[in-house]
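Heads up, work.cif below (mmCIF, C-alpha atoms):
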```
data_data
#
loop_
_atom_site.label_atom_id
_atom_site.label_comp_id
_atom_site.auth_asym_id
_atom_site.auth_seq_id
_atom_site.Cartn_x
_atom_site.Cartn_y
_atom_site.Cartn_z
CA MET A 99 0.00 0.00 0.00
CA ASN A 100 2.90 2.36 0.62
CA CYS A 101 3.54 2.35 -3.10
CA ILE A 102 0.29 4.28 -3.71
CA ASN A 103 1.72 7.46 -2.22
CA ARG A 104 4.98 7.06 -4.17
CA SER A 105 3.12 6.33 -7.40
CA THR A 106 0.81 9.33 -6.96
CA MET A 107 3.69 11.70 -6.20
CA GLY A 108 5.79 10.29 -9.04
CA ARG A 109 3.05 11.07 -11.54
CA ALA A 110 2.43 14.48 -9.91
CA LEU A 111 6.13 15.34 -10.38
CA ALA A 112 5.87 14.36 -14.05
CA MET A 113 3.02 16.88 -14.35
CA ALA A 114 5.43 19.66 -13.32
CA LEU A 115 3.22 20.89 -10.47
CA ASP A 116 4.44 23.72 -8.28
CA GLY A 117 5.37 23.33 -4.60
CA ALA A 118 1.97 24.20 -3.18
CA GLN A 119 0.20 21.85 -5.60
CA LEU A 120 2.59 19.00 -4.78
CA ALA A 121 2.06 19.50 -1.04
CA TRP A 122 -1.71 19.36 -1.51
CA VAL A 123 -1.55 16.23 -3.66
CA ARG A 124 0.78 14.57 -1.12
CA LYS A 125 -1.65 15.34 1.70
CA LEU A 126 -4.57 13.75 -0.19
CA ALA A 127 -2.49 10.73 -1.26
CA GLU A 128 -1.44 10.12 2.35
CA ARG A 129 -5.07 10.42 3.45
CA HIS A 130 -6.09 7.80 0.87
CA GLN A 131 -3.25 5.52 1.94
CA ASP A 132 -4.28 5.90 5.58
CA GLN A 133 -7.84 4.84 4.72
CA LEU A 134 -6.48 1.71 3.05
CA HIS A 135 -4.36 0.92 6.11
CA ARG A 136 -7.49 1.20 8.28
CA LEU A 137 -9.28 -1.17 5.90
CA ALA A 138 -6.42 -3.66 6.25
CA SER A 139 -6.57 -3.38 10.05
CA ALA A 140 -10.31 -4.04 10.07
CA LEU A 141 -9.87 -7.15 7.91
CA SER A 142 -6.99 -8.35 10.08
CA ALA A 143 -9.23 -8.02 13.14
CA GLY A 144 -12.01 -9.96 11.41
CA ASP A 145 -14.37 -6.96 11.55
CA HIS A 146 -15.97 -7.35 8.12
CA GLY A 147 -18.80 -4.96 8.93
CA ARG A 148 -16.29 -2.16 9.52
CA ALA A 149 -14.31 -3.24 6.46
CA GLU A 150 -17.41 -2.94 4.27
CA ALA A 151 -18.15 0.51 5.69
CA LEU A 152 -14.56 1.62 5.04
CA THR A 153 -14.80 0.28 1.48
CA ARG A 154 -17.85 2.44 0.82
CA SER A 155 -16.10 5.42 2.42
CA ILE A 156 -13.02 4.99 0.21
CA LEU A 157 -15.20 4.80 -2.91
CA ARG A 158 -16.81 8.12 -1.96
CA SER A 159 -13.66 9.91 -0.77
CA PHE A 160 -12.27 12.75 -2.86
CA SER A 161 -8.70 11.91 -1.78
CA GLY A 162 -9.00 8.38 -3.17
CA ARG A 163 -10.62 9.54 -6.38
CA LEU A 164 -8.01 12.27 -7.03
CA SER A 165 -5.12 9.88 -6.32
CA ALA A 166 -6.65 7.40 -8.78
CA VAL A 167 -7.23 10.10 -11.41
CA ILE A 168 -3.60 11.22 -11.18
CA ARG A 169 -2.17 7.70 -11.32
CA SER A 170 -4.32 6.71 -14.29
CA ALA A 171 -3.76 9.95 -16.25
CA ARG A 172 -2.12 9.59 -19.65
CA SER A 173 0.13 12.11 -21.30
CA THR A 174 -0.04 13.42 -24.85
CA PRO A 175 2.57 12.23 -27.39
CA GLU A 176 4.52 15.36 -26.42
CA GLY A 177 4.59 14.24 -22.77
CA ARG A 178 2.07 16.80 -21.48
CA TYR A 179 -0.65 16.11 -18.91
CA GLU A 180 -3.92 17.86 -18.24
CA SER A 181 -3.75 20.55 -15.58
CA LEU A 182 -4.37 19.76 -11.92
CA ALA A 183 -7.49 21.96 -12.08
CA VAL A 184 -8.95 19.72 -14.81
CA LEU A 185 -8.05 16.55 -12.88
CA ASN A 186 -9.68 18.00 -9.74
CA VAL A 187 -12.93 18.53 -11.64
CA ARG A 188 -12.74 15.01 -13.08
CA ALA A 189 -12.19 13.51 -9.63
CA GLY A 190 -15.15 15.45 -8.25
CA LEU A 191 -17.44 14.11 -10.97
CA LEU A 192 -16.50 10.43 -10.54
CA ASN A 193 -19.29 8.29 -9.13
CA PRO A 194 -18.84 4.50 -9.19
CA TYR A 195 -22.50 3.98 -8.32
CA ARG A 196 -23.71 5.54 -11.57
CA ARG A 197 -23.49 4.20 -15.09
CA ILE A 198 -20.39 5.60 -16.81
CA ASP A 199 -21.35 7.24 -20.10
CA GLU A 200 -17.99 6.78 -21.80
CA VAL A 201 -17.05 5.04 -25.04
CA ILE A 202 -14.83 1.94 -24.76
CA ARG A 203 -12.50 1.28 -27.67
CA GLN A 204 -10.83 -1.86 -28.87
CA VAL A 205 -7.10 -1.70 -29.59
CA ALA A 206 -4.74 -4.15 -31.28
CA VAL A 207 -1.82 -5.46 -29.24
CA ASP A 208 1.06 -7.75 -30.12
CA ASN A 209 0.28 -11.47 -30.02
CA PRO A 210 3.48 -13.50 -30.50
CA GLY A 211 3.09 -16.31 -32.97
CA GLY A 212 -0.31 -15.15 -34.22
CA PRO A 213 -2.36 -12.23 -35.53
CA ALA A 214 -2.82 -9.09 -33.47
CA ARG A 215 -4.99 -9.53 -30.38
CA LEU A 216 -7.71 -7.06 -29.47
CA VAL A 217 -8.22 -5.75 -25.94
CA LEU A 218 -10.31 -2.93 -24.52
CA ASN A 219 -9.05 0.60 -23.95
CA PHE A 220 -11.15 2.36 -21.33
CA GLY A 221 -11.68 6.09 -21.05
CA PRO A 222 -10.29 8.30 -18.25
CA ALA A 223 -13.28 7.97 -15.91
CA ARG A 224 -13.31 4.17 -15.98
CA ARG A 225 -9.52 3.95 -15.73
CA ALA A 226 -9.56 6.13 -12.62
CA LEU A 227 -12.37 4.16 -10.96
CA GLN A 228 -10.72 0.86 -11.87
CA THR A 229 -7.53 2.14 -10.22
CA LEU A 230 -9.49 3.03 -7.09
CA CYS A 231 -11.20 -0.38 -7.03
CA ALA A 232 -7.83 -2.07 -7.54
CA ASP A 233 -6.53 -0.28 -4.42
CA ILE A 234 -9.44 -1.72 -2.43
CA LEU A 235 -9.24 -5.23 -3.91
CA ASP A 236 -5.50 -5.32 -3.23
CA VAL A 237 -6.34 -5.07 0.49
CA TRP A 238 -9.33 -7.42 0.50
CA LEU A 239 -7.64 -10.07 -1.67
CA PRO A 240 -4.03 -10.54 -0.56
CA PRO A 241 -1.90 -12.56 -3.01
CA CYS A 242 -1.09 -16.19 -2.38
CA ASP A 243 2.53 -17.16 -1.74
CA PHE A 244 2.60 -19.02 -5.07
CA ASP A 245 1.22 -16.07 -7.11
CA PHE A 246 4.07 -14.51 -9.09
CA LEU A 247 2.13 -11.97 -11.15
CA ARG A 248 2.48 -9.22 -8.56
CA ARG A 249 4.74 -6.36 -7.60
CA GLY A 250 8.20 -7.52 -6.50
CA ARG A 251 7.98 -10.85 -8.28
CA GLY A 252 7.55 -11.72 -11.95
CA ALA A 253 8.52 -14.35 -14.49
CA ASP A 254 12.17 -14.50 -13.38
CA ALA A 255 11.16 -15.17 -9.76
CA GLN A 256 8.61 -17.73 -11.00
CA MET A 257 11.32 -19.64 -12.86
CA LEU A 258 13.67 -19.52 -9.86
CA ARG A 259 10.93 -20.91 -7.60
CA VAL A 260 10.28 -23.82 -9.99
CA LYS A 261 14.03 -24.49 -10.19
CA GLU A 262 14.30 -24.40 -6.41
CA MET A 263 11.47 -26.90 -5.95
CA ILE A 264 12.96 -29.29 -8.49
CA GLU A 265 16.47 -29.16 -7.07
CA THR A 266 15.59 -29.28 -3.35
CA GLU A 267 12.53 -31.57 -3.34
CA GLY A 268 13.52 -34.01 -6.08
CA TYR A 269 10.60 -33.36 -8.42
CA ASP A 270 11.15 -34.89 -11.86
CA HIS A 271 7.84 -34.15 -13.62
CA VAL A 272 5.96 -30.94 -14.32
CA VAL A 273 2.35 -30.10 -15.15
CA THR A 274 1.64 -26.87 -17.03
CA VAL A 275 -1.89 -25.61 -17.59
CA ASP A 276 -3.27 -22.66 -19.54
CA ILE A 277 -6.96 -21.85 -19.12
CA ARG A 278 -8.93 -21.64 -22.34
CA SER A 279 -10.70 -18.29 -22.82
CA CYS A 280 -9.93 -17.57 -19.20
CA PHE A 281 -11.38 -14.07 -18.85
CA ARG A 282 -14.35 -14.79 -21.09
CA SER A 283 -15.29 -17.89 -19.05
CA VAL A 284 -16.00 -15.89 -15.90
CA ASN A 285 -19.71 -15.68 -15.09
CA GLN A 286 -20.48 -12.02 -14.39
CA ASP A 287 -23.41 -12.66 -12.05
CA LYS A 288 -21.33 -15.04 -9.94
CA LEU A 289 -18.39 -12.64 -9.95
CA VAL A 290 -20.57 -9.81 -8.64
CA GLN A 291 -21.46 -12.02 -5.67
CA LEU A 292 -17.83 -13.09 -5.16
CA LEU A 293 -16.12 -9.69 -4.99
CA PRO A 294 -16.12 -7.52 -1.81
CA LEU A 295 -17.33 -4.41 -3.64
CA PRO A 296 -20.88 -3.06 -3.82
CA HIS A 297 -22.61 -4.97 -6.62
CA GLN A 298 -23.49 -1.83 -8.54
CA VAL A 299 -19.86 -0.67 -8.44
CA THR A 300 -18.62 -4.00 -9.79
CA ARG A 301 -21.05 -3.85 -12.71
CA ASN A 302 -20.46 -0.17 -13.54
CA VAL A 303 -16.68 -0.08 -13.18
CA LEU A 304 -15.20 -3.55 -13.61
CA LEU A 305 -17.53 -5.13 -16.18
CA VAL A 306 -18.86 -4.22 -19.62
CA GLN A 307 -22.66 -4.16 -19.74
CA ASP A 308 -25.17 -4.33 -22.57
CA GLY A 309 -25.70 -0.56 -22.57
CA ASP A 310 -21.98 0.24 -22.93
CA THR A 311 -20.65 1.32 -26.32
CA VAL A 312 -17.58 -0.49 -27.66
CA GLU A 313 -16.08 1.07 -30.80
CA GLN A 314 -13.57 -0.01 -33.40
CA PRO A 315 -11.17 2.77 -34.47
CA PRO A 316 -10.55 2.85 -38.25
CA GLU A 317 -6.76 2.56 -37.85
CA TRP A 318 -7.11 -1.06 -36.77
CA LYS A 319 -7.29 -2.16 -40.37
CA GLU A 320 -3.71 -0.97 -40.77
CA GLU A 321 -2.59 -2.70 -37.57
CA LEU A 322 -4.24 -5.95 -38.68
CA PHE A 323 -2.67 -5.57 -42.13
CA GLY A 324 -3.18 -8.42 -44.52
CA PHE A 325 -6.43 -9.89 -43.18
CA PRO A 326 -9.72 -9.91 -45.13
CA LEU A 327 -12.56 -7.70 -43.95
CA ASP A 328 -14.53 -10.63 -42.54
CA ILE A 329 -11.57 -11.44 -40.26
CA TYR A 330 -11.63 -7.88 -38.90
CA ASP A 331 -15.34 -8.23 -38.23
CA HIS A 332 -14.80 -11.58 -36.51
CA PHE A 333 -12.03 -10.20 -34.28
CA THR A 334 -14.02 -7.15 -33.21
CA PHE A 335 -17.27 -9.05 -32.67
CA GLU A 336 -15.54 -11.76 -30.61
CA THR A 337 -13.73 -9.18 -28.45
CA ASP A 338 -16.96 -7.27 -27.83
CA THR A 339 -18.87 -10.46 -26.99
CA ALA A 340 -16.14 -11.83 -24.71
CA ALA A 341 -16.01 -8.58 -22.72
CA ARG A 342 -19.77 -8.57 -22.18
CA GLN A 343 -19.77 -12.23 -21.12
CA GLY A 344 -16.88 -12.23 -18.63
CA LEU A 345 -13.99 -10.14 -17.38
CA PRO A 346 -12.86 -7.53 -19.94
CA GLN A 347 -9.26 -7.85 -21.07
CA GLY A 348 -7.60 -4.46 -20.81
CA SER A 349 -9.21 -3.55 -17.48
CA LEU A 350 -6.81 -2.57 -14.69
CA THR A 351 -8.51 -5.02 -12.33
CA SER A 352 -9.19 -8.15 -14.41
CA THR A 353 -5.85 -9.91 -13.88
CA LEU A 354 -5.86 -9.11 -10.16
CA ILE A 355 -9.37 -10.53 -9.82
CA MET A 356 -8.54 -13.67 -11.77
CA SER A 357 -5.38 -14.46 -9.84
CA ARG A 358 -6.53 -13.52 -6.31
CA ALA A 359 -10.29 -14.06 -6.23
CA VAL A 360 -10.48 -17.11 -8.52
CA LEU A 361 -7.30 -19.05 -9.33
CA GLY A 362 -5.37 -18.54 -6.10
CA PRO A 363 -8.14 -19.87 -3.83
CA LEU A 364 -8.86 -22.74 -6.27
CA VAL A 365 -5.25 -23.94 -6.32
CA SER A 366 -5.02 -23.54 -2.54
CA ALA A 367 -8.00 -25.87 -2.14
CA THR A 368 -6.40 -28.69 -4.18
CA GLY A 369 -3.71 -29.49 -1.61
CA ILE A 370 -0.92 -29.07 -4.18
CA SER A 371 -0.28 -25.34 -3.71
CA HIS A 372 3.04 -26.02 -1.92
CA ARG A 373 4.44 -27.29 -5.23
CA SER A 374 2.62 -24.89 -7.54
CA VAL A 375 3.16 -21.46 -9.05
CA ILE A 376 0.67 -19.31 -10.93
CA TYR A 377 1.37 -16.44 -13.29
CA GLY A 378 -1.76 -14.85 -14.70
CA ASP A 379 -3.84 -17.74 -16.08
CA ASP A 380 -0.80 -20.07 -16.36
CA ILE A 381 -0.41 -22.72 -13.64
CA THR A 382 2.70 -24.85 -13.11
CA VAL A 383 2.83 -27.82 -10.72
CA CYS A 384 5.89 -29.92 -9.86
CA ALA A 385 5.47 -33.65 -9.21
CA LYS A 386 7.38 -36.81 -8.35
CA GLY A 387 6.73 -39.38 -11.03
CA LEU A 388 4.19 -39.56 -13.82
CA GLY A 389 1.47 -40.88 -11.50
CA GLN A 390 1.59 -37.87 -9.19
CA ALA A 391 1.76 -35.55 -12.21
CA ARG A 392 -1.42 -37.06 -13.66
CA GLU A 393 -3.19 -36.88 -10.29
CA SER A 394 -2.17 -33.22 -10.00
CA PHE A 395 -3.61 -32.53 -13.44
CA LYS A 396 -6.90 -34.21 -12.48
CA ALA A 397 -7.06 -32.21 -9.24
CA LEU A 398 -6.56 -28.96 -11.14
CA ARG A 399 -9.16 -29.87 -13.75
CA SER A 400 -11.72 -30.73 -11.08
CA ALA A 401 -11.06 -27.52 -9.13
CA LEU A 402 -11.29 -25.32 -12.22
CA GLU A 403 -14.54 -26.93 -13.36
CA SER A 404 -16.11 -26.11 -9.98
CA SER A 405 -14.88 -22.50 -9.87
CA PRO A 406 -17.15 -20.14 -7.87
CA ALA A 407 -16.88 -17.69 -10.78
CA GLY A 408 -18.18 -20.24 -13.27
CA PRO A 409 -16.58 -23.39 -14.76
CA LEU A 410 -13.11 -22.91 -16.26
CA THR A 411 -11.72 -25.21 -18.96
CA ILE A 412 -8.11 -26.26 -19.44
CA GLY A 413 -6.66 -25.37 -22.83
CA ARG A 414 -2.98 -25.87 -23.65
CA HIS A 415 -1.33 -28.20 -21.15
CA HIS A 416 1.65 -30.46 -20.64
CA VAL A 417 2.20 -33.42 -18.33
CA GLY A 418 5.60 -35.01 -18.52
CA PRO A 419 9.16 -35.43 -17.31
CA ILE A 420 11.55 -32.50 -17.03
CA SER A 421 14.04 -34.38 -19.20
CA GLU A 422 11.76 -33.82 -22.22
CA GLY A 423 11.78 -30.04 -21.73
CA VAL A 424 9.13 -27.73 -20.33
CA ASN A 425 7.92 -24.27 -21.38
CA ILE A 426 6.24 -22.03 -18.85
CA VAL A 427 5.75 -18.28 -19.39
CA LYS A 428 8.99 -16.47 -20.10
CA TYR A 429 11.40 -19.38 -19.75
CA GLY A 430 11.75 -22.98 -20.80
CA PHE A 431 13.93 -25.55 -19.04
CA ARG A 432 15.04 -29.16 -19.13
CA GLN A 433 17.00 -31.60 -17.01
CA LYS A 434 20.64 -31.80 -18.05
CA PRO A 435 22.07 -35.33 -18.37
CA ALA A 436 24.13 -36.54 -15.41
CA HIS A 437 27.30 -36.76 -17.50
CA TYR A 438 26.91 -33.01 -18.16
CA GLY A 439 26.70 -32.27 -14.46
CA GLY A 440 22.93 -32.60 -14.02
CA GLY A 441 20.83 -29.70 -12.82
CA ILE A 442 18.42 -27.53 -14.79
CA ARG A 443 19.25 -25.72 -18.01
CA ILE A 444 17.15 -22.56 -18.44
CA HIS A 445 16.47 -20.88 -21.77
CA PRO A 446 13.84 -18.56 -23.30
CA SER A 447 10.49 -20.28 -23.83
CA LYS A 448 8.94 -20.97 -27.22
CA ARG A 449 6.51 -18.13 -26.52
CA SER A 450 9.47 -15.78 -25.94
CA TYR A 451 11.11 -16.84 -29.20
CA ASP A 452 7.82 -16.29 -31.04
CA HIS A 453 7.67 -12.82 -29.51
CA PHE A 454 11.25 -12.15 -30.61
CA SER A 455 10.47 -13.20 -34.18
CA ALA A 456 7.35 -11.00 -34.34
CA ARG A 457 9.16 -7.97 -32.87
CA ALA A 458 12.15 -8.44 -35.18
CA ARG A 459 9.83 -8.40 -38.19
CA GLU A 460 8.12 -5.26 -36.88
CA LYS A 461 11.46 -3.51 -36.44
CA PHE A 462 12.51 -4.44 -39.96
CA LEU A 463 9.30 -2.98 -41.41
CA ASP A 464 9.14 0.09 -39.15
CA GLY A 465 11.24 2.82 -40.78
CA ASP A 466 13.68 3.24 -43.62
CA PRO A 467 14.07 -0.12 -45.44
CA ALA A 468 17.76 0.58 -46.00
CA SER A 469 18.44 0.52 -42.25
CA GLY A 470 16.04 -2.32 -41.41
CA LYS A 471 18.80 -4.91 -41.16
CA GLY A 472 20.66 -2.74 -38.65
CA ARG A 473 17.56 -2.29 -36.48
CA VAL A 474 17.00 -6.04 -36.34
CA SER A 475 20.68 -6.70 -35.59
CA LYS A 476 20.63 -4.19 -32.72
CA TYR A 477 17.48 -5.79 -31.29
CA ARG A 478 19.02 -9.27 -31.57
CA LYS A 479 22.12 -8.23 -29.64
CA ALA A 480 20.09 -6.57 -26.87
CA TRP A 481 17.45 -9.29 -26.51
CA PRO A 482 19.43 -11.82 -24.38
CA ALA A 483 19.82 -9.21 -21.62
CA SER A 484 16.05 -9.56 -20.97
CA PHE A 485 16.67 -13.12 -19.77
CA PRO A 486 19.09 -12.89 -16.82
CA LEU A 487 18.61 -16.56 -15.92
CA TRP A 488 19.73 -17.71 -19.38
CA GLN A 489 23.36 -18.48 -20.10
CA PRO A 490 23.34 -18.63 -23.89
CA THR A 491 25.69 -20.98 -25.69
CA PRO A 492 27.23 -20.19 -29.10
CA GLU A 493 24.68 -22.59 -30.62
CA SER A 494 21.70 -20.81 -29.03
CA LEU A 495 23.00 -17.42 -30.15
CA GLY A 496 23.37 -18.86 -33.65
CA LEU A 497 19.75 -19.99 -33.53
CA LEU A 498 18.74 -16.48 -32.46
CA TRP A 499 20.63 -15.05 -35.44
CA GLN A 500 18.81 -17.46 -37.78
CA THR A 501 15.45 -16.41 -36.29
CA ALA A 502 16.32 -12.75 -36.85
CA PHE A 503 17.39 -13.49 -40.42
CA LYS A 504 14.12 -15.29 -41.15
CA ALA A 505 12.20 -12.31 -39.70
CA ARG A 506 14.07 -9.95 -42.04
CA THR A 507 13.50 -12.09 -45.12
CA SER A 508 9.80 -12.61 -44.33
CA GLY A 509 9.37 -8.85 -43.91
CA SER A 510 11.14 -7.86 -47.11
#
```
Can the structure from this file be put into structure tokens for me?
Amino acid sequence: MNCINRSTMGRALAMALDGAQLAWVRKLAERHQDQLHRLASALSAGDHGRAEALTRSILRSFSGRLSAVIRSARSTPEGRYESLAVLNVRAGLLNPYRRIDEVIRQVAVDNPGGPARLVLNFGPARRALQTLCADILDVWLPPCDFDFLRRGRGADAQMLRVKEMIETEGYDHVVTVDIRSCFRSVNQDKLVQLLPLPHQVTRNVLLVQDGDTVEQPPEWKEELFGFPLDIYDHFTFETDTAARQGLPQGSLTSTLIMSRAVLGPLVSATGISHRSVIYGDDITVCAKGLGQARESFKALRSALESSPAGPLTIGRHHVGPISEGVNIVKYGFRQKPAHYGGGIRIHPSKRSYDHFSARAREKFLDGDPASGKGRVSKYRKAWPASFPLWQPTPESLGLLWQTAFKARTSGS
């Protein structure tokens, strides 16, 4: 929670506020942070009645709303922000209990190994209220020890935890599970009952309802270059439908809700959480022997199918020995043969290599064609630094060069 004050003041400094304005913003940010600390104390004491009252108070407080408005503000391409006077007015007008009359737009984002993926881009009012709700949910729904998609952890820490479990506990098999249409599968009515926010706030702020307008900007057809018109229509229709059915991708709260309100408690209930890690909607479980690995997979499948937010279905998955190689999120790994010293060899995952190939092609096409080769070469040389747990061999660097070369030739 202490990061809220730092984050608010960091953004306020970027807005080039004067001394008096900064002092005022700091005072309100500290007041908001103090309210969240009181909420945490009430929950720690088991006083849920007081916690619910504090939640409603935080949702109404001007200090919380202004802090959220500042943290969710976006700058212009020139790096300018709206004035503090404008943000003050916006904070005063925010009301999570009322329907938000604001257009939601779909935007194309990179999808390694496939066509561009569409997510939702919310307007300033919804972004601010989602930020405020995220502050509250962060207190109500503390992360599980095995949740690595949170501040201070990440994919590197996830890989190190898996490595530690394998090397210290003697696990020789791994189960990896990705949930099919994870966000779309969430039942909105059940989610409203599950979350510790007023029901009307959950529907207005965190979900997309039938009366909300979702638009497709015309520039998408350039971003999804090369696809027929019916493919554009399919992408946009599916994204719109998925958002109205479940949790909207692109919301500031959706991943937090999925990991802390749904997946974390489900994995905890299986009895295998001590040998599990989750990262977003990816679950990894270590096991001793193929029998335990298969039982772990069955336990996960049963737990997901009985989710309190609606049944969840397993999509991509792997059950097998470490010696055959395993891909999780950012990294892949395999057991080294005993005559090579044993242990675990870590390398970028297939998903990471797909991302590298897609980005290398983008860099080749983005700018002067004459200097495209140089841009790709620079990216290739810098890319390994993003994987501090990887000790690349000359052969793996050669493979990376071949991938970059293929990206250049496919883009020319």
Which of A:Ala226, A:Ala391, A:Ala456, A:Val237 sits closest to Asn193 (chain A) [using only C-alpha atoms]: A:Ala226
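When the distance limit is 12 Å and all atoms listed in the file are what count, the residues near Gln343 (chain A), minus those fewer than 4 positions from it on the same chain, are Ser279, Cys280, Phe281, Arg282, Ser283, Val284, Asn285, Gln286, Asp287, Lys288, Leu289, Arg301, Leu305, Val306, Gln307, Asp308, Glu336, Thr337, Asp338, Thr339, Gln347 and Gly408 of chain A.
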Neighbour list for region 414-426 of chain A as a PyMOL selection string, cut-off 7 Å, all atoms listed in the file, skip fewer than 2 positions in-chain: chain A and resi 270-276+388+391-392+412+428-433+447-448
Run through the PyMOL selection byres ((chain A and resi 224) around 12) on the given coordinates and return the selected residues as an mmCIF file with C-alpha atoms, in the frame of the given file.
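Writing the result to selection12.cif gives the following:
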```
data_model
loop_
_atom_site.group_PDB
_atom_site.id
_atom_site.type_symbol
_atom_site.label_atom_id
_atom_site.label_comp_id
_atom_site.auth_asym_id
_atom_site.auth_seq_id
_atom_site.Cartn_x
_atom_site.Cartn_y
_atom_site.Cartn_z
ATOM 1 C CA ARG A 163 -10.620 9.540 -6.380
ATOM 2 C CA ALA A 166 -6.650 7.400 -8.780
ATOM 3 C CA VAL A 167 -7.230 10.100 -11.410
ATOM 4 C CA SER A 170 -4.320 6.710 -14.290
ATOM 5 C CA ALA A 171 -3.760 9.950 -16.250
ATOM 6 C CA ARG A 188 -12.740 15.010 -13.080
ATOM 7 C CA ALA A 189 -12.190 13.510 -9.630
ATOM 8 C CA LEU A 191 -17.440 14.110 -10.970
ATOM 9 C CA LEU A 192 -16.500 10.430 -10.540
ATOM 10 C CA ASN A 193 -19.290 8.290 -9.130
ATOM 11 C CA PRO A 194 -18.840 4.500 -9.190
ATOM 12 C CA TYR A 195 -22.500 3.980 -8.320
ATOM 13 C CA ARG A 196 -23.710 5.540 -11.570
ATOM 14 C CA ARG A 197 -23.490 4.200 -15.090
ATOM 15 C CA ILE A 198 -20.390 5.600 -16.810
ATOM 16 C CA ASP A 199 -21.350 7.240 -20.100
ATOM 17 C CA GLU A 200 -17.990 6.780 -21.800
ATOM 18 C CA VAL A 201 -17.050 5.040 -25.040
ATOM 19 C CA ILE A 202 -14.830 1.940 -24.760
ATOM 20 C CA LEU A 218 -10.310 -2.930 -24.520
ATOM 21 C CA ASN A 219 -9.050 0.600 -23.950
ATOM 22 C CA PHE A 220 -11.150 2.360 -21.330
ATOM 23 C CA GLY A 221 -11.680 6.090 -21.050
ATOM 24 C CA PRO A 222 -10.290 8.300 -18.250
ATOM 25 C CA ALA A 223 -13.280 7.970 -15.910
ATOM 26 C CA ARG A 225 -9.520 3.950 -15.730
ATOM 27 C CA ALA A 226 -9.560 6.130 -12.620
ATOM 28 C CA LEU A 227 -12.370 4.160 -10.960
ATOM 29 C CA GLN A 228 -10.720 0.860 -11.870
ATOM 30 C CA THR A 229 -7.530 2.140 -10.220
ATOM 31 C CA LEU A 230 -9.490 3.030 -7.090
ATOM 32 C CA CYS A 231 -11.200 -0.380 -7.030
ATOM 33 C CA ALA A 232 -7.830 -2.070 -7.540
ATOM 34 C CA VAL A 299 -19.860 -0.670 -8.440
ATOM 35 C CA THR A 300 -18.620 -4.000 -9.790
ATOM 36 C CA ARG A 301 -21.050 -3.850 -12.710
ATOM 37 C CA ASN A 302 -20.460 -0.170 -13.540
ATOM 38 C CA VAL A 303 -16.680 -0.080 -13.180
ATOM 39 C CA LEU A 304 -15.200 -3.550 -13.610
ATOM 40 C CA LEU A 305 -17.530 -5.130 -16.180
ATOM 41 C CA VAL A 306 -18.860 -4.220 -19.620
ATOM 42 C CA ASP A 310 -21.980 0.240 -22.930
ATOM 43 C CA GLY A 348 -7.600 -4.460 -20.810
ATOM 44 C CA SER A 349 -9.210 -3.550 -17.480
ATOM 45 C CA LEU A 350 -6.810 -2.570 -14.690
ATOM 46 C CA THR A 351 -8.510 -5.020 -12.330
#
```
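We find CA of Met257 (chain A) and CA of Ser357 (chain A) to be spaced 17.7 Å apart.
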Where does the PyMOL selection byres ((chain A and resi 236) around 10) land in this file, that is, which residues does it pick, as a compact mmCIF listing (two decimals) with C-alpha atoms, in the coordinates of the input?
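New file expr-v9.txt:
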```
# COMPACT_ATOMS: atom_id res chain seq x y z
CA MET A 99 0.00 0.00 0.00
CA LEU A 134 -6.48 1.71 3.05
CA ALA A 138 -6.42 -3.66 6.25
CA CYS A 231 -11.20 -0.38 -7.03
CA ALA A 232 -7.83 -2.07 -7.54
CA ASP A 233 -6.53 -0.28 -4.42
CA ILE A 234 -9.44 -1.72 -2.43
CA LEU A 235 -9.24 -5.23 -3.91
CA VAL A 237 -6.34 -5.07 0.49
CA TRP A 238 -9.33 -7.42 0.50
CA LEU A 239 -7.64 -10.07 -1.67
CA PRO A 240 -4.03 -10.54 -0.56
CA PRO A 241 -1.90 -12.56 -3.01
CA THR A 351 -8.51 -5.02 -12.33
CA LEU A 354 -5.86 -9.11 -10.16
CA ILE A 355 -9.37 -10.53 -9.82
CA ARG A 358 -6.53 -13.52 -6.31
```
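Take the candidates A:Ala253, A:Ala436, A:Ile376, A:Ala341 and check each one against Ile277 (chain A) using only C-alpha atoms; the shortest distance goes to A:Ile376.
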Residue among A:Ile370, A:Ile442, A:Val375, A:Leu216 lying closest to Ala340 (chain A), counting all atoms listed in the file: A:Leu216
Expected selection from the PyMOL selection byres ((chain A and resi 359-365) around 9), given as a PyMOL selection string: chain A and resi 239+241-242+244-245+292-293+354-358+366-371+374+376+378-379+381+397-398+401-402+404-407
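Take the candidates A:Arg449, A:Arg248, A:His146, A:Lys476 and check each one against Phe462 (chain A) using only C-alpha atoms; the shortest distance goes to A:Lys476.
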Extending 8 Å beyond the listed atoms of region 115-121 of chain A on each side, what axis-aligned box results? I want centre and edge lengths in Å to one decimal, as lines of an AutoDock Vina configuration file.
```
center_x = 2.8
center_y = 21.6
center_z = -5.8
size_x = 21.2
size_y = 21.2
size_z = 25.4
```
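Distance check against Ser181 (chain A) using only C-alpha atoms: of A:Ala458, A:Leu295, A:Leu487, A:Met113, the minimum falls on A:Met113.
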Residue with smallest distance to Ser352 (chain A) - pool A:Val217, A:Val312, A:Ile264, A:Leu141, counting all atoms listed in the file: A:Val217
Selection near Pro486 (chain A), 12 Å with only C-alpha atoms, sequence-local residues under 3 positions removed, as a count of residues only: 16
